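Heads up: the structure comes next, in structure tokens.
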2 protein chains.
Amino acid sequence: MPQLRRDPITGRWVIIAAERAKRPEDFVVSQGEMADDGCPFCEGKEKNTPTEIFAIRAEGTKPDKPGWKVRVVPSIAPILRVEGELNRHGKGVYDLMNGIGAHEVIIETPEHIAHLCDLPVEQIKAVIDTYTRRMQDLEKDTRLKYVLIFKNYGAIAGSTMYKHSRSQLIATPVNPKLVKEELAGAKRYFDYKDRCVFCDLLKQEMDAQDRIILEMGGFIAVAPFASRFPFEAWILPKAHSCDFTRMSEAEKTDLAGMLKHTLAKLKKALGDPPYNFIFHTAPFRRAKTAGSWKTIEEDYHWHIEIIPRLTRVAGFEWGSGVYINPTPPEEAAKYLRATDF
Amino acid sequence: MPQLRRDPITGRWVIIAAERAKRPEDFVVSQGEMADDGCPFCEGKEKNTPTEIFAIRAEGTKPDKPGWKVRVVPSIAPILRVEGELNRHGKGVYDLMNGIGAHEVIIETPEHIAHLCDLPVEQIKAVIDTYTRRMQDLEKDTRLKYVLIFKNYGAIAGSTMYKHSRSQLIATPVNPKLVKEELAGAKRYFDYKDRCVFCDLLKQEMDAQDRIILEMGGFIAVAPFASRFPFEAWILPKAHSCDFTRMSEAEKTDLAGMLKHTLAKLKKALGDPPYNFIFHTAPFRRAKTAGSWKTIEEDYHWHIEIIPRLTRVAGFEWGSGVYINPTPPEEAAKYLRATDF
């Protein structure tokens with residue numbers, strides 16, 4: 001059973017994945033190419049993954065058989081597990097709990113295609129539908145507080161094995177530190193201004209235009225003013241909304257197009273770089289705490305953060321939390337605007 | 001002039017190092033060996049670095065000439081600069097200021113030796129003396145709030161060029177986010193318990209013994225309970241102190257020995273891994289804010305954090321701030337205790 005442990009000074013949680021326990025000799029620093037033989041994510045190889053949790057599939061086809069469009073399976077090396085009790089407890093100055101949660105892999109295409117931007121818009125929309133369905137399902141488990149949807153593309157961004165387009169979700173029994181910080185920051189602004197900080201930021205960016213990468217339908221892609229990383233890009237809905245699972249069908253299609261085009265620009269401009277994307281959306285159980293429910297509705301604004309992994313994080317960043325970015329976002333946006341594909 | 005920009009949601013600062021501005025084609029992902037010809041840090045090559053700021057050198061020898069033991073020079077690619085005005089201002093929802101600060105390189109030996117642990121204890125003590133002297137000097141500049149001392153060892157940990165043992169310091173005009181979090185967390189514990197959280201943690205670790213790596217003189221090396229990374233190690237003074245510049249001469253010698261032995265164990269056990277270390281000490285200007293001065297004295301406890309860079313940080317960590325560690329610290333400590341060198 002993995003264990004969640006809390007640092008007594010900063011309150012930061014870590015997951016000690018003891019079942020994957022690694023000894024010194026296991027840390028061979030490998031930068032090599034990923035193995036790509038026998039990909040278990042391809043259509044027809046369904047028996048090589050754990051049993052499927054969910055799929056969008058052709059009528060009449062059976063689970064764990066061909067005929068699917070998007071397929072969700074448990075991670076074969078889950079960092080949190082569904083089975084068991086949370087068993088929160090203290091031990092002297094320390095706090096810990098069992099590693100309860102979920103860790104799922106969203107296989108974004110039955111074909112062996114590496115990059116999400118190379119899929120048709122309609123296929124990317126099916127991926128977004130799948131995210132929504134999985135979040136709505138996991139929300140029913142009252143032990144879970146948050147679902148983080150993310151993608152690791154390329155070895156440097158944390159992907160291991162098989163160049164087959166996929167993303168992951170991890171459901172956690174605590175609200176993660178960075179999520180809480182973002183919610184708290186947005187609330188602080190709202191309390192002072194009576195406006196959503198993201199809405200204000202959007203207006204300012206649309207007026208200035210110099211950090212805008214792309215506008216499509218109801219969405220905007222922007223190189224954030226305080227970009228931590230070169231060519232960092234955020235995708236935001238123009239209309240205020242705290243929760244991406246409430247998108248209309250038309251909005252999902254718009255978002256699919258936006259994601260495809262932004263990722264295609266990054267791929268072209270930077271030579272297919274490793275990258276991560278992360279969905280930032282409101283946590284579950286908003287309604288439970290009556291006081292804060294309305295606030296999150298009004299003050300939080302869901303979005304996607306895309307971070308190309310071009311620079312190394314060194315001692316200064318680990319010690320300070322201050323990031324050094326050698327590419328001004330205005331320059332990054334200019335390049336990306338000019339990139340056709 | 002580099003620029004400090006603040007994210008309006010989380011309050012996180014980034015440094016936009018515009019003078020190093022990088023275009024897409026500059027991000028060649030290089031994992032190769034470091035160049036090691038013509039090292040400018042070796043004795044006799046003093047004219048290949050910027051003019052020295054400080055040195056411990058033999059009596060009668062001249063600045064920027066041979067005869068030194070430890071030498072401090074400005075970074076040739078400073079991320080913050082000493083010259084200029086802070087010029088803090090807002091721009092709509094955003095906040096920014098000029099990148100005022102200092103960025104110095106501490107050359108730890110006149111010989112071309114790569115790893116700090118291969119230097120004699122007495123030489124490492126001279127490095128610690130140098131850190132202290134530089135901090136005491138920089139504290140006089142009232143624009144500066146904090147000095148972070150850190151080391152990047154190996155390309156993956158952010159070192160570029162030349163395997164010559166050195167560390168860096170960056171002085172910032174804001175208290176960095178992670179420093180503030182640690183201070184706030186320690187204060188919260190103190191307010192509740194009337195005891196230092198680090199002192200309590202030390203007592204619990206010394207009673208349990210299972211995460212202790214090494215005890216030497218007045219210092220202890222421990223694998224922290226909530227280690228973010230495999231084989232993470234913290235070095236703490238057993239006696240309470242918030243500020244490492246106040247160490248006695250005997251304590252500095254003890255610390256030099258402790259640092260040498262802990263780093264040597266990590267080098268041996270993990271096959272000379274890339275790593276960062278970061279000094280965590282109290283910020284400047286404690287006395288200026290009368291109310292908080294006494295508090296930091298009592299509730300903060302300086303220490304060194306050492307993080308071997310064996311795993312990759314992926315989308316989940318970037319999105320959540322929750323770290324996944326595949327090596328329980330109890331196992332790491334057991335290995336390191338058993339490692340002789």
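Labeling convention for the structure tokens: chains A, B, ... as they appear, residues from 1 per chain, ligands from 1 in order of appearance.
Residues lying within 8 Å of Gly321 of chain B, counting only C-alpha atoms and ignoring same-chain neighbours fewer than 5 positions away, are Arg12, Trp13, Pro176, Lys177 and Leu178 of chain A; Phe316 of chain B.
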Export C-alpha atoms of the chosen residues as a compact mmCIF listing (two decimals), in the first residue's frame?
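Saved the output as out24.txt:
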# COMPACT_ATOMS: atom_id res chain seq x y z
CA ARG A 12 3.60 19.41 1.64
CA TRP A 13 2.37 15.86 0.99
CA PRO A 176 -2.94 19.08 -3.53
CA LYS A 177 -0.79 21.97 -2.32
CA LEU A 178 -0.54 23.80 -5.65
CA PHE B 316 1.54 15.18 -11.70
Subject >> Test item: residues at most 7 Å from segment 92-106 of chain B, only C-alpha atoms, excluding those fewer than 6 positions along its chain, as number ranges by chain >> reply: A: 201; B: 1-6, 8, 71-75, 78-84, 86, 144, 166-173
Original post:
B:Ile113, B:Ile307, B:Ile220, B:Ala55: which is nearest Pro274 of chain B, counting only C-alpha atoms?
Top reply: B:Ile307
Original post:
So, counting only C-alpha atoms, which residue among B:Gln204, B:Gln123, B:Ser248, B:Thr51 is closest to chain A?
Top reply: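 Using only C-alpha atoms, the shortest distance to chain A belongs to B:Gln204.
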Original post:
Nearest to Thr311 of chain A among B:Ile128, B:Ala157, B:Cys39, B:Met258, with distances taken over only C-alpha atoms: which residue is it?
Top reply: B:Ala157
From the DSSP assignment of the backbone, select every residue of segment 38-269 of chain A that is alpha helix (DSSP H), and format the answer as a CSV table (one decimal) with N, CA and C atoms, in the first residue's frame.
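Written out: selection29.csv:
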chain,number,residue,atom,x,y,z
A,121,VAL,N,-9.8,16.6,-34.8
A,121,VAL,CA,-10.4,17.4,-33.8
A,121,VAL,C,-11.5,16.5,-33.1
A,122,GLU,N,-12.2,15.8,-33.9
A,122,GLU,CA,-13.4,15.0,-33.4
A,122,GLU,C,-12.9,13.9,-32.4
A,123,GLN,N,-11.7,13.4,-32.7
A,123,GLN,CA,-11.1,12.4,-31.8
A,123,GLN,C,-10.6,13.1,-30.5
A,124,ILE,N,-10.1,14.3,-30.6
A,124,ILE,CA,-9.6,15.0,-29.4
A,124,ILE,C,-10.9,15.3,-28.5
A,125,LYS,N,-12.0,15.7,-29.2
A,125,LYS,CA,-13.2,15.9,-28.4
A,125,LYS,C,-13.6,14.7,-27.7
A,126,ALA,N,-13.5,13.5,-28.3
A,126,ALA,CA,-13.8,12.3,-27.5
A,126,ALA,C,-12.9,12.1,-26.3
A,127,VAL,N,-11.7,12.5,-26.4
A,127,VAL,CA,-10.8,12.5,-25.2
A,127,VAL,C,-11.3,13.4,-24.1
A,128,ILE,N,-11.7,14.6,-24.5
A,128,ILE,CA,-12.3,15.6,-23.5
A,128,ILE,C,-13.6,15.0,-22.9
A,129,ASP,N,-14.4,14.4,-23.7
A,129,ASP,CA,-15.6,13.7,-23.2
A,129,ASP,C,-15.2,12.7,-22.2
A,130,THR,N,-14.2,12.0,-22.4
A,130,THR,CA,-13.7,10.9,-21.5
A,130,THR,C,-13.3,11.5,-20.2
A,131,TYR,N,-12.5,12.5,-20.3
A,131,TYR,CA,-12.0,13.2,-19.0
A,131,TYR,C,-13.3,13.6,-18.2
A,132,THR,N,-14.2,14.2,-18.8
A,132,THR,CA,-15.4,14.6,-18.1
A,132,THR,C,-16.2,13.5,-17.5
A,133,ARG,N,-16.3,12.4,-18.2
A,133,ARG,CA,-17.1,11.2,-17.7
A,133,ARG,C,-16.3,10.6,-16.5
A,134,ARG,N,-15.0,10.5,-16.6
A,134,ARG,CA,-14.2,9.9,-15.5
A,134,ARG,C,-14.3,10.8,-14.3
A,135,MET,N,-14.2,12.1,-14.5
A,135,MET,CA,-14.3,13.0,-13.3
A,135,MET,C,-15.7,12.9,-12.6
A,136,GLN,N,-16.7,12.8,-13.4
A,136,GLN,CA,-18.1,12.7,-12.9
A,136,GLN,C,-18.2,11.4,-12.1
A,137,ASP,N,-17.6,10.4,-12.6
A,137,ASP,CA,-17.7,9.1,-11.9
A,137,ASP,C,-16.9,9.1,-10.6
A,138,LEU,N,-15.7,9.6,-10.7
A,138,LEU,CA,-14.8,9.5,-9.5
A,138,LEU,C,-15.3,10.5,-8.4
A,177,LYS,N,-1.3,20.7,-2.7
A,177,LYS,CA,-0.8,22.0,-2.3
A,177,LYS,C,-0.9,23.1,-3.4
A,178,LEU,N,-0.5,22.8,-4.6
A,178,LEU,CA,-0.5,23.8,-5.6
A,178,LEU,C,-2.0,24.2,-6.0
A,179,VAL,N,-2.9,23.2,-5.9
A,179,VAL,CA,-4.3,23.5,-6.2
A,179,VAL,C,-4.8,24.4,-5.2
A,180,LYS,N,-4.5,24.1,-3.9
A,180,LYS,CA,-5.0,25.0,-2.8
A,180,LYS,C,-4.4,26.4,-2.9
A,181,GLU,N,-3.2,26.5,-3.3
A,181,GLU,CA,-2.5,27.8,-3.5
A,181,GLU,C,-3.2,28.6,-4.5
A,182,GLU,N,-3.6,28.0,-5.6
A,182,GLU,CA,-4.2,28.7,-6.7
A,182,GLU,C,-5.6,29.1,-6.3
A,183,LEU,N,-6.3,28.3,-5.7
A,183,LEU,CA,-7.7,28.6,-5.2
A,183,LEU,C,-7.6,29.8,-4.2
A,184,ALA,N,-6.6,29.7,-3.3
A,184,ALA,CA,-6.5,30.7,-2.3
A,184,ALA,C,-6.1,32.1,-2.9
A,185,GLY,N,-5.3,32.0,-3.9
A,185,GLY,CA,-4.8,33.2,-4.5
A,185,GLY,C,-6.0,33.9,-5.3
A,186,ALA,N,-6.8,33.1,-6.0
A,186,ALA,CA,-7.9,33.6,-6.8
A,186,ALA,C,-8.9,34.2,-5.8
A,187,LYS,N,-9.1,33.5,-4.7
A,187,LYS,CA,-10.1,34.0,-3.7
A,187,LYS,C,-9.7,35.4,-3.1
A,188,ARG,N,-8.4,35.5,-2.8
A,188,ARG,CA,-7.8,36.7,-2.2
A,188,ARG,C,-8.1,37.9,-3.2
A,189,TYR,N,-7.9,37.7,-4.5
A,189,TYR,CA,-8.1,38.7,-5.5
A,189,TYR,C,-9.6,39.0,-5.5
A,190,PHE,N,-10.4,38.0,-5.5
A,190,PHE,CA,-11.9,38.2,-5.6
A,190,PHE,C,-12.4,39.0,-4.4
A,191,ASP,N,-11.9,38.6,-3.2
A,191,ASP,CA,-12.3,39.3,-2.0
A,191,ASP,C,-12.0,40.8,-2.0
A,192,TYR,N,-10.9,41.1,-2.7
A,192,TYR,CA,-10.4,42.5,-2.8
A,192,TYR,C,-11.2,43.3,-3.9
A,193,LYS,N,-11.3,42.6,-5.0
A,193,LYS,CA,-11.8,43.3,-6.2
A,193,LYS,C,-13.2,43.0,-6.6
A,197,VAL,N,-9.8,37.0,-11.0
A,197,VAL,CA,-8.5,37.4,-11.5
A,197,VAL,C,-8.2,36.9,-12.9
A,198,PHE,N,-8.7,35.7,-13.2
A,198,PHE,CA,-8.5,35.2,-14.6
A,198,PHE,C,-9.2,36.0,-15.6
A,199,CYS,N,-10.5,36.4,-15.3
A,199,CYS,CA,-11.2,37.2,-16.2
A,199,CYS,C,-10.5,38.6,-16.4
A,200,ASP,N,-10.0,39.2,-15.4
A,200,ASP,CA,-9.3,40.4,-15.5
A,200,ASP,C,-8.0,40.3,-16.3
A,201,LEU,N,-7.3,39.2,-16.1
A,201,LEU,CA,-6.1,38.8,-16.8
A,201,LEU,C,-6.4,38.7,-18.3
A,202,LEU,N,-7.5,38.0,-18.6
A,202,LEU,CA,-7.9,37.8,-20.0
A,202,LEU,C,-8.2,39.1,-20.7
A,203,LYS,N,-8.9,40.0,-20.0
A,203,LYS,CA,-9.3,41.2,-20.6
A,203,LYS,C,-8.0,42.0,-20.9
A,204,GLN,N,-7.1,42.1,-19.9
A,204,GLN,CA,-5.8,42.8,-20.1
A,204,GLN,C,-5.0,42.2,-21.3
A,205,GLU,N,-5.0,40.9,-21.4
A,205,GLU,CA,-4.2,40.2,-22.5
A,205,GLU,C,-4.8,40.5,-23.8
A,206,MET,N,-6.2,40.5,-23.9
A,206,MET,CA,-6.8,40.7,-25.2
A,206,MET,C,-6.7,42.2,-25.6
A,207,ASP,N,-6.6,43.1,-24.7
A,207,ASP,CA,-6.3,44.5,-25.0
A,207,ASP,C,-4.9,44.7,-25.5
A,208,ALA,N,-4.0,44.0,-24.8
A,208,ALA,CA,-2.5,44.2,-25.2
A,208,ALA,C,-2.1,43.4,-26.4
A,249,GLU,N,-21.4,20.8,-25.5
A,249,GLU,CA,-20.8,20.0,-26.6
A,249,GLU,C,-20.0,20.9,-27.6
A,250,ALA,N,-20.6,22.1,-27.9
A,250,ALA,CA,-19.9,23.1,-28.8
A,250,ALA,C,-18.6,23.6,-28.2
A,251,GLU,N,-18.6,23.8,-26.9
A,251,GLU,CA,-17.4,24.3,-26.2
A,251,GLU,C,-16.3,23.2,-26.3
A,252,LYS,N,-16.8,21.9,-26.1
A,252,LYS,CA,-15.8,20.8,-26.1
A,252,LYS,C,-15.1,20.7,-27.5
A,253,THR,N,-15.9,20.9,-28.5
A,253,THR,CA,-15.3,20.9,-29.9
A,253,THR,C,-14.4,22.1,-30.1
A,254,ASP,N,-14.7,23.2,-29.6
A,254,ASP,CA,-13.8,24.4,-29.7
A,254,ASP,C,-12.5,24.1,-29.0
A,255,LEU,N,-12.6,23.6,-27.8
A,255,LEU,CA,-11.4,23.3,-27.0
A,255,LEU,C,-10.6,22.2,-27.7
A,256,ALA,N,-11.2,21.2,-28.3
A,256,ALA,CA,-10.4,20.2,-29.0
A,256,ALA,C,-9.6,20.9,-30.1
A,257,GLY,N,-10.2,21.8,-30.8
A,257,GLY,CA,-9.5,22.5,-31.9
A,257,GLY,C,-8.4,23.3,-31.3
A,258,MET,N,-8.7,24.0,-30.3
A,258,MET,CA,-7.7,24.9,-29.6
A,258,MET,C,-6.5,24.1,-29.1
A,259,LEU,N,-6.7,23.0,-28.5
A,259,LEU,CA,-5.6,22.1,-28.0
A,259,LEU,C,-4.8,21.6,-29.1
A,260,LYS,N,-5.5,21.1,-30.2
A,260,LYS,CA,-4.8,20.6,-31.4
A,260,LYS,C,-3.8,21.7,-32.0
A,261,HIS,N,-4.4,22.9,-32.1
A,261,HIS,CA,-3.6,23.9,-32.8
A,261,HIS,C,-2.5,24.5,-32.0
A,262,THR,N,-2.7,24.6,-30.7
A,262,THR,CA,-1.6,25.1,-29.8
A,262,THR,C,-0.5,24.1,-29.7
A,263,LEU,N,-0.9,22.8,-29.5
A,263,LEU,CA,0.2,21.8,-29.4
A,263,LEU,C,0.9,21.7,-30.7
A,264,ALA,N,0.2,21.8,-31.9
A,264,ALA,CA,0.9,21.7,-33.2
A,264,ALA,C,1.9,22.9,-33.4
A,265,LYS,N,1.5,24.0,-32.9
A,265,LYS,CA,2.5,25.2,-33.0
A,265,LYS,C,3.7,24.9,-32.1
A,266,LEU,N,3.5,24.4,-30.9
A,266,LEU,CA,4.7,24.1,-30.1
A,266,LEU,C,5.5,23.0,-30.7
A,267,LYS,N,4.9,22.0,-31.3
A,267,LYS,CA,5.6,20.9,-31.9
A,267,LYS,C,6.5,21.4,-33.0
A,268,LYS,N,5.9,22.2,-33.9
A,268,LYS,CA,6.6,22.7,-35.1
A,268,LYS,C,7.7,23.7,-34.7
A,269,ALA,N,7.3,24.7,-33.8
A,269,ALA,CA,8.3,25.7,-33.5
A,269,ALA,C,9.5,25.2,-32.7
Original post:
When distances are computed from only C-alpha atoms, which of A:Lys334, A:His240, A:Arg246, A:His89 shows the smallest separation from chain B?
Top reply: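 Closest residue, counting only C-alpha atoms: A:Lys334.
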Subject >> Residue contacts of Ser165 of chain A (6 Å, only C-alpha atoms) excluding same-chain residues fewer than 4 positions away, as a PyMOL selection string >> reply: chain A and resi 108+113-116
**OP:** Calculate how many Å separate atom CA of Pro283 of chain B from atom CA of Phe150 of chain B, rounding to one decimal.
**Re:**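 Spanning atom CA of Pro283 of chain B to atom CA of Phe150 of chain B is a straight-line distance of 15.1 Å.
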**OP:** Show which residues sit within 8 Å of Val313 of chain B, as a list in words. Count only C-alpha atoms, and ignore same-chain residues fewer than 4 positions away.
**Re:** Ala157 and Gly158 of chain A; Glu317 and Trp318 of chain B
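As for atom CA of Tyr146 of chain B and atom CA of Asp299 of chain B, they are spaced 17.9 Å apart.
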Original post:
If you measure from atom CA of Lys163 of chain B to atom CA of Glu43 of chain B, what distance in Å do you get, rounded to one decimal?
Top reply: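 Those two atoms sit 14.2 Å apart.
Of the listed residues B:Phe279, B:Phe41, B:Tyr162, B:Trp302, the one whose atoms come nearest to chain A is B:Phe279, with distances taken using only C-alpha atoms.
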**OP:** Could you tell me which of A:Glu215, A:Asp64, A:Glu46, A:Glu232 comes closest to Pro308 of chain A if we count only C-alpha atoms?
**Re:** A:Glu232
**OP:** From a DSSP pass on the backbone, collect the residues of segment 103-329 of chain A flagged as strand (DSSP E) and hand them back as a PyMOL selection string.
**Re:** chain A and resi 103-107+146-153+166-172+212-216+219-222+233-237+275-280+303-308+323-325
Selected residues written out with C-alpha atoms, as a tab-separated table (two decimals), in the first residue's frame:
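Listing of selection20.tsv after writing:
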chain	number	residue	atom	x	y	z
A	103	HIS	CA	-4.52	6.28	-11.10
A	104	GLU	CA	-5.86	5.76	-14.61
A	105	VAL	CA	-4.44	5.91	-18.13
A	106	ILE	CA	-6.54	7.50	-20.87
A	107	ILE	CA	-5.57	5.93	-24.21
A	146	TYR	CA	-9.40	16.12	-6.35
A	147	VAL	CA	-8.70	14.68	-9.79
A	148	LEU	CA	-5.63	15.90	-11.65
A	149	ILE	CA	-5.58	15.25	-15.41
A	150	PHE	CA	-2.16	15.52	-17.01
A	151	LYS	CA	0.03	14.38	-19.84
A	152	ASN	CA	3.71	13.42	-19.88
A	153	TYR	CA	5.04	13.54	-23.45
A	166	ARG	CA	-2.21	8.96	-23.82
A	167	SER	CA	-2.82	11.01	-20.71
A	168	GLN	CA	-3.29	10.13	-17.05
A	169	LEU	CA	-5.50	11.03	-14.16
A	170	ILE	CA	-4.68	10.74	-10.48
A	171	ALA	CA	-7.44	11.16	-7.89
A	172	THR	CA	-6.17	12.20	-4.46
A	212	ILE	CA	-1.69	36.10	-27.20
A	213	ILE	CA	-0.73	32.94	-29.10
A	214	LEU	CA	-4.11	32.07	-30.61
A	215	GLU	CA	-7.82	32.88	-30.37
A	216	MET	CA	-10.32	30.25	-31.50
A	219	PHE	CA	-10.92	30.00	-26.10
A	220	ILE	CA	-7.67	31.86	-25.93
A	221	ALA	CA	-4.06	30.61	-25.72
A	222	VAL	CA	-1.66	32.96	-23.99
A	233	ALA	CA	1.22	28.35	-22.76
A	234	TRP	CA	-2.13	28.54	-20.99
A	235	ILE	CA	-5.48	27.82	-22.64
A	236	LEU	CA	-8.45	29.57	-21.00
A	237	PRO	CA	-12.15	29.76	-21.81
A	275	TYR	CA	6.10	18.62	-22.61
A	276	ASN	CA	3.52	18.28	-19.85
A	277	PHE	CA	0.00	19.60	-19.79
A	278	ILE	CA	-2.13	19.89	-16.69
A	279	PHE	CA	-5.86	20.62	-16.37
A	280	HIS	CA	-6.60	23.11	-13.59
A	303	HIS	CA	-7.72	26.41	-17.61
A	304	ILE	CA	-5.01	24.20	-19.06
A	305	GLU	CA	-1.27	24.81	-18.48
A	306	ILE	CA	1.17	23.49	-21.08
A	307	ILE	CA	4.87	23.41	-20.18
A	308	PRO	CA	7.49	22.45	-22.77
A	323	TYR	CA	11.85	30.24	-11.66
A	324	ILE	CA	14.40	31.56	-14.15
A	325	ASN	CA	13.02	31.86	-17.65
